[in-house]
>>> print(open('query_37.cif').read())   # mmCIF, N, CA and C atoms and all ligand atoms
data_target
loop_
_atom_site.label_atom_id
_atom_site.label_comp_id
_atom_site.auth_asym_id
_atom_site.auth_seq_id
_atom_site.Cartn_x
_atom_site.Cartn_y
_atom_site.Cartn_z
N MET A 7 -2.04 86.03 157.42
CA MET A 7 -2.04 85.12 156.26
C MET A 7 -1.57 83.74 156.74
N PRO A 8 -2.27 82.68 156.36
CA PRO A 8 -1.80 81.34 156.77
C PRO A 8 -0.60 80.91 155.94
N ILE A 9 0.12 79.92 156.42
CA ILE A 9 1.17 79.29 155.62
C ILE A 9 0.48 78.68 154.41
N ILE A 10 1.06 78.82 153.23
CA ILE A 10 0.39 78.31 152.04
C ILE A 10 1.02 77.00 151.57
N GLN A 11 0.28 76.30 150.67
CA GLN A 11 0.79 75.03 150.13
C GLN A 11 1.04 75.11 148.63
N ASP A 12 0.88 76.30 148.04
CA ASP A 12 1.08 76.47 146.60
C ASP A 12 2.48 76.00 146.22
N PRO A 13 2.59 75.00 145.32
CA PRO A 13 3.91 74.44 144.98
C PRO A 13 4.87 75.45 144.36
N SER A 14 4.35 76.58 143.86
CA SER A 14 5.25 77.59 143.29
C SER A 14 5.92 78.45 144.37
N ALA A 15 5.40 78.38 145.59
CA ALA A 15 5.98 79.18 146.67
C ALA A 15 7.25 78.51 147.19
N PRO A 16 8.28 79.30 147.49
CA PRO A 16 9.52 78.71 148.00
C PRO A 16 9.27 77.93 149.28
N LEU A 17 9.94 76.76 149.37
CA LEU A 17 9.79 75.93 150.55
C LEU A 17 10.92 76.24 151.54
N VAL A 18 10.54 76.61 152.75
CA VAL A 18 11.52 77.00 153.76
C VAL A 18 11.61 75.90 154.82
N ALA A 19 12.82 75.43 155.08
CA ALA A 19 13.03 74.48 156.17
C ALA A 19 13.29 75.26 157.45
N VAL A 20 12.51 74.97 158.48
CA VAL A 20 12.73 75.64 159.76
C VAL A 20 13.14 74.59 160.78
N ILE A 21 14.40 74.64 161.16
CA ILE A 21 14.90 73.71 162.17
C ILE A 21 14.47 74.23 163.54
N GLY A 22 14.04 73.32 164.40
CA GLY A 22 13.58 73.74 165.73
C GLY A 22 12.26 74.49 165.67
N ALA A 23 11.41 74.11 164.73
CA ALA A 23 10.14 74.82 164.53
C ALA A 23 9.23 74.75 165.75
N THR A 24 9.41 73.74 166.59
CA THR A 24 8.58 73.63 167.80
C THR A 24 9.16 74.43 168.96
N GLY A 25 10.32 75.03 168.76
CA GLY A 25 10.98 75.75 169.84
C GLY A 25 10.80 77.26 169.73
N ALA A 26 11.51 77.97 170.60
CA ALA A 26 11.36 79.43 170.68
C ALA A 26 11.85 80.13 169.41
N GLN A 27 13.06 79.80 168.99
CA GLN A 27 13.63 80.49 167.82
C GLN A 27 12.90 80.11 166.54
N GLY A 28 12.82 78.81 166.27
CA GLY A 28 12.17 78.35 165.05
C GLY A 28 10.69 78.70 165.02
N GLY A 29 10.06 78.61 166.19
CA GLY A 29 8.63 78.94 166.26
C GLY A 29 8.36 80.38 165.86
N SER A 30 9.24 81.28 166.29
CA SER A 30 9.05 82.69 165.94
C SER A 30 9.28 82.91 164.45
N VAL A 31 10.17 82.11 163.85
CA VAL A 31 10.40 82.23 162.41
C VAL A 31 9.17 81.75 161.64
N VAL A 32 8.59 80.62 162.08
CA VAL A 32 7.36 80.13 161.42
C VAL A 32 6.29 81.22 161.46
N LYS A 33 6.16 81.86 162.61
CA LYS A 33 5.16 82.92 162.77
C LYS A 33 5.44 84.06 161.79
N ALA A 34 6.71 84.46 161.70
CA ALA A 34 7.08 85.57 160.81
C ALA A 34 6.84 85.22 159.34
N LEU A 35 7.02 83.96 158.99
CA LEU A 35 6.87 83.56 157.58
C LEU A 35 5.42 83.60 157.12
N ARG A 36 4.50 83.72 158.06
CA ARG A 36 3.09 83.76 157.69
C ARG A 36 2.71 85.03 156.95
N VAL A 37 3.56 86.04 156.98
CA VAL A 37 3.22 87.29 156.29
C VAL A 37 3.68 87.28 154.83
N GLU A 38 4.37 86.22 154.41
CA GLU A 38 4.84 86.11 153.03
C GLU A 38 4.34 84.79 152.45
N PRO A 39 4.26 84.71 151.11
CA PRO A 39 3.78 83.46 150.50
C PRO A 39 4.86 82.38 150.46
N TYR A 40 5.12 81.79 151.59
CA TYR A 40 6.08 80.70 151.68
C TYR A 40 5.36 79.41 152.06
N ARG A 41 5.94 78.31 151.63
CA ARG A 41 5.60 77.02 152.23
C ARG A 41 6.63 76.76 153.31
N VAL A 42 6.22 76.08 154.36
CA VAL A 42 7.15 75.86 155.47
C VAL A 42 7.20 74.38 155.83
N ARG A 43 8.41 73.87 155.92
CA ARG A 43 8.61 72.52 156.44
C ARG A 43 9.31 72.65 157.81
N GLY A 44 8.58 72.32 158.86
CA GLY A 44 9.12 72.42 160.21
C GLY A 44 9.74 71.10 160.63
N PHE A 45 10.94 71.15 161.13
CA PHE A 45 11.63 69.93 161.57
C PHE A 45 11.33 69.66 163.04
N SER A 46 11.03 68.41 163.35
CA SER A 46 10.81 68.01 164.74
C SER A 46 11.12 66.52 164.87
N ARG A 47 11.53 66.13 166.07
CA ARG A 47 11.80 64.70 166.28
C ARG A 47 10.53 63.93 166.61
N ASP A 48 9.42 64.65 166.79
CA ASP A 48 8.18 63.98 167.19
C ASP A 48 6.99 64.67 166.53
N SER A 49 6.51 64.05 165.47
CA SER A 49 5.40 64.67 164.73
C SER A 49 4.06 64.51 165.43
N THR A 50 4.04 63.79 166.56
CA THR A 50 2.76 63.56 167.24
C THR A 50 2.53 64.49 168.42
N LYS A 51 3.55 65.17 168.87
CA LYS A 51 3.37 65.97 170.08
C LYS A 51 2.55 67.23 169.79
N PRO A 52 1.92 67.80 170.82
CA PRO A 52 1.00 68.94 170.61
C PRO A 52 1.65 70.11 169.88
N ALA A 53 2.90 70.43 170.19
CA ALA A 53 3.55 71.58 169.53
C ALA A 53 3.67 71.35 168.03
N THR A 54 3.90 70.11 167.64
CA THR A 54 4.02 69.79 166.22
C THR A 54 2.64 69.81 165.55
N GLN A 55 1.67 69.28 166.26
CA GLN A 55 0.32 69.28 165.71
C GLN A 55 -0.20 70.70 165.51
N LYS A 56 0.21 71.60 166.40
CA LYS A 56 -0.17 73.01 166.26
C LYS A 56 0.39 73.57 164.95
N LEU A 57 1.61 73.18 164.63
CA LEU A 57 2.22 73.62 163.37
C LEU A 57 1.43 73.08 162.18
N VAL A 58 1.07 71.80 162.26
CA VAL A 58 0.30 71.17 161.17
C VAL A 58 -1.00 71.94 160.95
N ASN A 59 -1.65 72.32 162.05
CA ASN A 59 -2.91 73.07 161.94
C ASN A 59 -2.72 74.45 161.31
N GLN A 60 -1.47 74.96 161.36
CA GLN A 60 -1.17 76.26 160.75
C GLN A 60 -0.76 76.11 159.28
N GLY A 61 -0.75 74.87 158.78
CA GLY A 61 -0.39 74.65 157.39
C GLY A 61 1.05 74.27 157.18
N VAL A 62 1.77 74.04 158.27
CA VAL A 62 3.18 73.67 158.17
C VAL A 62 3.30 72.17 157.89
N GLU A 63 4.16 71.83 156.92
CA GLU A 63 4.49 70.42 156.65
C GLU A 63 5.56 70.02 157.67
N VAL A 64 5.41 68.87 158.28
CA VAL A 64 6.37 68.48 159.31
C VAL A 64 7.31 67.39 158.81
N ALA A 65 8.62 67.62 159.02
CA ALA A 65 9.61 66.58 158.75
C ALA A 65 9.98 65.97 160.09
N ASP A 66 9.66 64.70 160.23
CA ASP A 66 9.93 63.99 161.49
C ASP A 66 11.34 63.42 161.40
N VAL A 67 12.30 64.18 161.89
CA VAL A 67 13.69 63.75 161.74
C VAL A 67 14.53 64.31 162.87
N SER A 68 15.53 63.55 163.27
CA SER A 68 16.48 64.02 164.26
C SER A 68 17.79 64.37 163.57
N LEU A 69 18.26 65.59 163.81
CA LEU A 69 19.49 66.06 163.15
C LEU A 69 20.70 65.60 163.96
N VAL A 70 21.01 64.34 163.86
CA VAL A 70 22.15 63.80 164.60
C VAL A 70 23.05 63.02 163.64
N LEU A 71 24.32 62.93 164.05
CA LEU A 71 25.26 62.13 163.27
C LEU A 71 24.73 60.71 163.18
N GLY A 72 24.91 60.09 162.06
CA GLY A 72 24.41 58.72 161.90
C GLY A 72 23.03 58.70 161.26
N ASN A 73 22.46 59.89 161.11
CA ASN A 73 21.12 59.98 160.52
C ASN A 73 21.16 60.75 159.20
N VAL A 74 22.32 60.69 158.57
CA VAL A 74 22.59 61.54 157.40
C VAL A 74 21.55 61.36 156.29
N LYS A 75 21.22 60.10 156.00
CA LYS A 75 20.30 59.83 154.89
C LYS A 75 18.94 60.51 155.13
N ASP A 76 18.41 60.35 156.32
CA ASP A 76 17.10 60.95 156.64
C ASP A 76 17.19 62.47 156.66
N VAL A 77 18.33 62.99 157.12
CA VAL A 77 18.49 64.45 157.17
C VAL A 77 18.49 65.03 155.76
N PHE A 78 19.25 64.41 154.85
CA PHE A 78 19.28 64.90 153.46
C PHE A 78 17.89 64.82 152.85
N LYS A 79 17.20 63.73 153.10
CA LYS A 79 15.85 63.55 152.56
C LYS A 79 14.92 64.64 153.08
N ALA A 80 15.07 64.99 154.36
CA ALA A 80 14.19 66.00 154.95
C ALA A 80 14.40 67.38 154.32
N PHE A 81 15.59 67.64 153.81
CA PHE A 81 15.87 68.94 153.18
C PHE A 81 15.48 68.96 151.70
N GLU A 82 15.11 67.82 151.13
CA GLU A 82 14.82 67.77 149.70
C GLU A 82 13.74 68.78 149.30
N GLY A 83 14.02 69.54 148.26
CA GLY A 83 13.02 70.48 147.73
C GLY A 83 13.03 71.82 148.43
N THR A 84 13.78 71.96 149.51
CA THR A 84 13.78 73.23 150.22
C THR A 84 14.70 74.23 149.52
N LYS A 85 14.32 75.49 149.58
CA LYS A 85 15.11 76.56 148.95
C LYS A 85 15.84 77.39 150.00
N ILE A 86 15.29 77.44 151.18
CA ILE A 86 15.85 78.28 152.25
C ILE A 86 15.79 77.45 153.53
N ALA A 87 16.80 77.63 154.38
CA ALA A 87 16.76 76.93 155.67
C ALA A 87 17.08 77.91 156.79
N PHE A 88 16.31 77.84 157.86
CA PHE A 88 16.62 78.61 159.06
C PHE A 88 17.18 77.65 160.11
N ILE A 89 18.39 77.94 160.55
CA ILE A 89 19.03 77.13 161.57
C ILE A 89 19.60 78.09 162.61
N SER A 90 19.26 77.88 163.86
CA SER A 90 19.73 78.80 164.90
C SER A 90 20.77 78.14 165.79
N GLY A 91 21.78 78.92 166.15
CA GLY A 91 22.80 78.40 167.05
C GLY A 91 23.52 79.53 167.75
N GLY A 92 24.50 79.19 168.57
CA GLY A 92 25.24 80.21 169.31
C GLY A 92 26.58 80.50 168.67
N LYS A 93 27.28 81.50 169.18
CA LYS A 93 28.53 81.91 168.55
C LYS A 93 29.76 81.73 169.45
N TYR A 94 29.57 81.34 170.69
CA TYR A 94 30.69 81.28 171.61
C TYR A 94 31.66 80.15 171.25
N THR A 95 32.89 80.33 171.60
CA THR A 95 33.89 79.29 171.36
C THR A 95 34.49 78.84 172.68
N HIS A 96 35.21 77.73 172.64
CA HIS A 96 35.85 77.13 173.81
C HIS A 96 34.82 76.62 174.83
N VAL A 97 33.59 76.44 174.39
CA VAL A 97 32.57 75.76 175.17
C VAL A 97 32.06 74.68 174.22
N VAL A 98 32.09 73.43 174.63
CA VAL A 98 31.83 72.33 173.69
C VAL A 98 30.59 72.57 172.84
N ASN A 99 29.47 72.89 173.48
CA ASN A 99 28.22 73.08 172.77
C ASN A 99 28.35 74.15 171.69
N PHE A 100 28.99 75.27 172.04
CA PHE A 100 29.09 76.38 171.11
C PHE A 100 30.17 76.14 170.06
N ASP A 101 31.21 75.42 170.42
CA ASP A 101 32.23 75.06 169.43
C ASP A 101 31.60 74.28 168.30
N SER A 102 30.68 73.38 168.63
CA SER A 102 30.06 72.57 167.58
C SER A 102 29.20 73.46 166.68
N LYS A 103 28.60 74.50 167.24
CA LYS A 103 27.81 75.41 166.42
C LYS A 103 28.72 76.20 165.47
N THR A 104 29.91 76.53 165.96
CA THR A 104 30.87 77.23 165.11
C THR A 104 31.27 76.34 163.94
N LEU A 105 31.41 75.04 164.19
CA LEU A 105 31.74 74.11 163.11
C LEU A 105 30.65 74.10 162.05
N VAL A 106 29.40 74.14 162.50
CA VAL A 106 28.27 74.15 161.57
C VAL A 106 28.32 75.42 160.72
N THR A 107 28.60 76.55 161.38
CA THR A 107 28.69 77.82 160.66
C THR A 107 29.80 77.78 159.62
N ASP A 108 30.96 77.28 160.03
CA ASP A 108 32.09 77.20 159.10
C ASP A 108 31.74 76.31 157.91
N TYR A 109 31.07 75.19 158.20
CA TYR A 109 30.66 74.27 157.13
C TYR A 109 29.70 74.97 156.17
N GLY A 110 28.74 75.71 156.74
CA GLY A 110 27.78 76.42 155.90
C GLY A 110 28.45 77.42 154.99
N ARG A 111 29.42 78.12 155.52
CA ARG A 111 30.13 79.13 154.72
C ARG A 111 30.90 78.48 153.58
N GLN A 112 31.42 77.28 153.82
CA GLN A 112 32.26 76.62 152.82
C GLN A 112 31.45 75.74 151.86
N SER A 113 30.16 75.58 152.12
CA SER A 113 29.38 74.59 151.38
C SER A 113 29.08 74.97 149.94
N GLY A 114 29.15 76.28 149.63
CA GLY A 114 28.77 76.71 148.29
C GLY A 114 27.30 77.04 148.20
N VAL A 115 26.54 76.68 149.22
CA VAL A 115 25.12 77.02 149.26
C VAL A 115 25.03 78.46 149.79
N PRO A 116 24.17 79.31 149.18
CA PRO A 116 24.03 80.67 149.71
C PRO A 116 23.77 80.63 151.21
N PHE A 117 24.56 81.36 151.95
CA PHE A 117 24.55 81.19 153.41
C PHE A 117 24.66 82.55 154.09
N VAL A 118 23.74 82.84 154.98
CA VAL A 118 23.77 84.08 155.76
C VAL A 118 23.95 83.72 157.22
N ASP A 119 24.96 84.29 157.84
CA ASP A 119 25.23 84.03 159.25
C ASP A 119 24.94 85.30 160.03
N VAL A 120 23.85 85.30 160.76
CA VAL A 120 23.48 86.49 161.54
C VAL A 120 23.86 86.25 162.99
N GLN A 121 24.71 87.12 163.52
CA GLN A 121 25.10 87.00 164.92
C GLN A 121 24.53 88.21 165.65
N ALA A 122 23.40 87.98 166.31
CA ALA A 122 22.70 89.09 166.97
C ALA A 122 23.27 89.33 168.37
N GLY A 123 23.06 90.50 168.86
CA GLY A 123 23.37 90.80 170.25
C GLY A 123 24.80 91.22 170.50
N GLN A 124 25.58 91.45 169.44
CA GLN A 124 26.96 91.88 169.65
C GLN A 124 27.03 93.38 169.84
N VAL A 125 28.01 93.85 170.60
CA VAL A 125 28.21 95.29 170.75
C VAL A 125 29.54 95.68 170.16
N1 LIG B 1 16.10 81.30 172.82
C1 LIG B 1 17.07 82.21 172.70
O1 LIG B 1 16.95 83.36 173.17
C2 LIG B 1 18.34 81.88 171.93
C3 LIG B 1 19.27 82.91 171.71
C4 LIG B 1 20.41 82.64 170.96
C5 LIG B 1 20.66 81.36 170.47
N2 LIG B 1 19.75 80.39 170.72
C6 LIG B 1 20.04 79.07 170.14
O2 LIG B 1 19.00 78.73 169.23
C7 LIG B 1 18.81 77.33 169.25
C8 LIG B 1 17.35 77.03 169.55
O3 LIG B 1 17.02 77.66 170.78
P1 LIG B 1 15.52 77.71 171.30
O4 LIG B 1 15.52 78.68 172.45
O5 LIG B 1 14.57 77.91 170.17
O6 LIG B 1 15.39 76.23 171.90
P2 LIG B 1 14.07 75.42 172.34
O7 LIG B 1 12.91 76.33 172.50
O8 LIG B 1 14.49 74.58 173.48
O9 LIG B 1 13.78 74.49 171.09
C9 LIG B 1 14.71 73.53 170.70
C10 LIG B 1 14.28 73.02 169.33
O10 LIG B 1 15.33 72.19 168.82
C11 LIG B 1 14.72 71.03 168.28
N3 LIG B 1 15.68 69.93 168.40
C12 LIG B 1 16.41 69.60 169.48
N4 LIG B 1 17.20 68.55 169.21
C13 LIG B 1 16.96 68.22 167.90
C14 LIG B 1 17.46 67.21 167.04
N5 LIG B 1 18.35 66.29 167.45
N6 LIG B 1 17.01 67.17 165.77
C15 LIG B 1 16.09 68.08 165.34
N7 LIG B 1 15.57 69.05 166.11
C16 LIG B 1 16.00 69.11 167.38
C17 LIG B 1 13.48 70.80 169.11
O11 LIG B 1 12.57 70.10 168.30
P3 LIG B 1 11.74 68.80 168.78
O12 LIG B 1 11.84 68.71 170.27
O13 LIG B 1 10.34 69.08 168.31
O14 LIG B 1 12.38 67.68 168.07
C18 LIG B 1 13.00 72.23 169.37
O15 LIG B 1 12.17 72.68 168.33
C19 LIG B 1 19.78 76.77 170.29
O16 LIG B 1 20.93 76.35 169.60
C20 LIG B 1 20.09 77.97 171.17
O17 LIG B 1 21.37 77.86 171.75
C21 LIG B 1 18.60 80.61 171.42
#
>>> encode(input="query_37.cif", output="structure tokens")
Amino acid sequence: MPIIQDPSAPLVAVIGATGAQGGSVVKALRVEPYRVRGFSRDSTKPATQKLVNQGVEVADVSLVLGNVKDVFKAFEGTKIAFISGGKYTHVVNFDSKTLVTDYGRQSGVPFVDVQAGQV
């Protein structure tokens, strides 16, 4: 089933849609009636154009500090967001992901934190 554009279908924001994690989520969403907005910093590159050809709406935005206005705008109308990150602490990169997780939990927005690969 292709990604649909029916306005009644929930709009899903997929961060990193051109990458491995987000790309696999876009693929999985094709089996349900969702609209998908894929986030990318470059709407002209081949990976992004491939998404467009699959029916994905592209938000050309960089999720960085200082870009708050554009980031909020890019999420407008979305009902669900997929954001992937790591869980390790005491490593700068992963500590920042933990901050994002903590923020998500405290935001009041329905939030699911899946930590795969644990034993
Ligand atoms: N791959 C794994 O097995 C795995 C496992 C566990 C956790 N993770 C975590 O999952 C996340 C994604 O991993 P991945 O393997 O999918 O990476 P990837 O294939 O390298 O893709 C990275 C994605 O992030 C996007 N991106 C990078 N900087 C961005 C920014 N400033 N604003 C908006 N988008 C940005 C890129 O989009 P554009 O270049 O199009 O802008 C691209 O779609 C990482 O945090 C990684 O640590 C990955």
>>> select_by_dssp(input="query_37.cif", residues="chain A", states="strand (DSSP E)", output="PyMOL selection string")
chain A and resi 17-20+41-46+63-66+86-88
>>> atom_distance(input="query_37.cif", atom1="atom CA of A:Lys51", atom2="atom CA of A:Phe78")
23.0 Å
>>> residues_near_ligand(input="query_37.cif", ligand="ligand LIG 1 (chain B)", cutoff="8 Å", atoms="only N, CA and C atoms and all ligand atoms", output="PyMOL selection string")
chain A and resi 20-30+44-49+51+53-54+66-71+89-93+99-100+103+122
>>> atom_distance(input="query_37.cif", atom1="atom C of A:Asp119", atom2="atom C of A:Asp101")
15.3 Å
>>> select_by_dssp(input="query_37.cif", residues="chain A", states="alpha helix (DSSP H)", output="PyMOL selection string")
chain A and resi 26-35+52-59+74-81+98-112
>>> closest_residue(input="query_37.cif", among="A:Ile9, A:Val74, A:Ala87, A:Val106", to="A:Asn59", atoms="only N, CA and C atoms")
A:Ile9
>>> atom_distance(input="query_37.cif", atom1="atom CA of A:Ser113", atom2="atom CA of A:Val64")
25.1 Å
>>> residues_around(input="query_37.cif", residues="A:Ala15", least_positions_apart="2", cutoff="6 Å", atoms="all atoms listed in the file", output="list of chain:residue names")
A:Asp12, A:Pro13, A:Leu17, A:Pro39, A:Tyr40, A:Arg41
>>> residues_around(input="query_37.cif", residues="A:Glu63", least_positions_apart="3", cutoff="6 Å", atoms="all atoms listed in the file", output="PDB file with N, CA and C atoms, in the frame of the given file")
ATOM      1  N   VAL A  42       6.220  76.080 154.360  1.00  0.00           N
ATOM      2  CA  VAL A  42       7.150  75.860 155.470  1.00  0.00           C
ATOM      3  C   VAL A  42       7.200  74.380 155.830  1.00  0.00           C
ATOM      4  N   ARG A  43       8.410  73.870 155.920  1.00  0.00           N
ATOM      5  CA  ARG A  43       8.610  72.520 156.440  1.00  0.00           C
ATOM      6  C   ARG A  43       9.310  72.650 157.810  1.00  0.00           C
ATOM      7  N   GLY A  44       8.580  72.320 158.860  1.00  0.00           N
ATOM      8  CA  GLY A  44       9.120  72.420 160.210  1.00  0.00           C
ATOM      9  C   GLY A  44       9.740  71.100 160.630  1.00  0.00           C
ATOM     10  N   VAL A  58       1.070  71.800 162.260  1.00  0.00           N
ATOM     11  CA  VAL A  58       0.300  71.170 161.170  1.00  0.00           C
ATOM     12  C   VAL A  58      -1.000  71.940 160.950  1.00  0.00           C
TER      13      VAL A  58
END
>>> closest_residue(input="query_37.cif", among="A:Glu82, A:Asp76, A:Glu38, A:Asp108", to="A:Ala19", atoms="only C-alpha atoms")
A:Glu82
